[in-house]
Amino acid sequence: MNLKKSSPLFMIVGGFVLIVVSIAFFFPNITNSIITGFASIAGFGVSLSVTHARFNITNRTQIDMVIVDGSNITLRMYMHYYDNITMNLTLDKPADFECGFDWYVNESGTIKNITVNGNTLSWEADKSIKDTFLFFEVPPPSIPSEVEYTGDSFYEKTLTISSCCPLSDVTANISVNSAYAFYTLYLIENNTLTNKTTEYNLQVSNDRAIFSGFNLSNKTFRLIANPDAAQVVAVVTVGSSSGGGGGGAVPLLNYTPTQKFIVEPNYMSIITSSLGPIETEIIIYNFRGGDKEFSISYTNNFIYDIQSTVMVPAKEFLTVPVHIDTSLLTPGKYTDFIGVSHEGIEEEVTVALQILKSPETEGISDSGEEAGSISAEEQQPGIISENQKKKEVKKNANTWGIILAVLGGLLLMGGVVFFHLRSKTRVIKY
């Protein structure tokens, strides 16, 4: 009769620990799944988060010039890998740059296409290349709304420039009425106008205004100009500094002495991509010595309310609100007219309205990508070289090497256990 006496518990525990350590080192994703899986089954609120890569949002470069209503802008953002293995990564899009598209990674000349699923990016990462770059495109800044007043005595254009992500050193080239003089550019923040004419290099000529050097996401500007002195027929200062209930003393205006009143502006242009109520205004100037009543009429394609009669005190002016509603309008151009009359004389104001397509849907395909976008390979042909093939072969060899090393370790451990048990075997004869 043979009896075997041994203490294999220590060897079994040691072997188990060796297996767990090997899996944790070579296959971190499996370890993550095992830990979180058992925790979920047991009902514990346990999760394991492993940092595989990190975007450096502040370390980014704008490859292209940023021009309002121009072309798409390519951005390059620094990214750092952790560990040295090759694995499939899934990360959230960089914060504040969720509007990007055509994403890809350049790993030292090797282009990796990225699969986009909602707000996540997925690709196969060679983490042995620690420092790499994420490339993507963003749409150019746009002007979702602008209001333009053209009058005999002043010119004013207010516009909002909007971007879906932070951009720097932006250039705007907008249409203006260049028949005026003394143009001033203001930045509007917290209901405060700050003169940026010099800082943003404002230049006006040939019905275009160009200014640059500002940063976005969203900013509102106002461009104001006075008439060219050569075009002024007569400039008369009327009224006193005391003003009155009608809205204040008449300021410096461009009009002839025979005119009883004027309305400013005489042309109004509103461009917007938003639907809903809009409030603007007209100003009635009374040049006569007595209080005067004015009748106001309007067409109602989009204007829905203006006071029908107003009283303007002598040698003063009155601001009259104009209420507009664009809720039921489709993208396109519309026109309304406002008539202000007194004693058979009428001044007309033209109000032009343009509804733009919503920037959230314009130019975007059903798949969520911008129409006409091209793949990373088409953007950078020739970057993928023979060196990439060598890296792929080396990567596969490393994978098989890891698998063989683990199997060899397990066989070695089994052999050690076997010989240990054999050496402890005693034969008892009786």
# chains A, B, ... in the order shown; residues from 1 in each chain; ligands from 1
>>> residues_around(residues="region 188-195 of chain A", least_positions_apart="3", cutoff="6 Å", atoms="only C-alpha atoms", output="PDB file with N, CA and C atoms, in the first residue's frame")
ATOM      1  N   LEU A 185     -15.263 100.468 -33.939  1.00  0.00           N
ATOM      2  CA  LEU A 185     -15.649  99.099 -33.614  1.00  0.00           C
ATOM      3  C   LEU A 185     -15.714  98.939 -32.101  1.00  0.00           C
ATOM      4  N   THR A 220     -20.043  89.637 -29.394  1.00  0.00           N
ATOM      5  CA  THR A 220     -20.939  90.563 -30.081  1.00  0.00           C
ATOM      6  C   THR A 220     -20.209  91.882 -30.317  1.00  0.00           C
ATOM      7  N   PHE A 221     -20.262  92.356 -31.561  1.00  0.00           N
ATOM      8  CA  PHE A 221     -19.586  93.595 -31.948  1.00  0.00           C
ATOM      9  C   PHE A 221     -20.616  94.597 -32.478  1.00  0.00           C
TER      10      PHE A 221
END
>>> select_by_dssp(residues="region 124-204 of chain A", states="strand (DSSP E)", output="PyMOL selection string")
chain A and resi 124-126+131-138+142-150+155-175+180-189+192-195+203-204
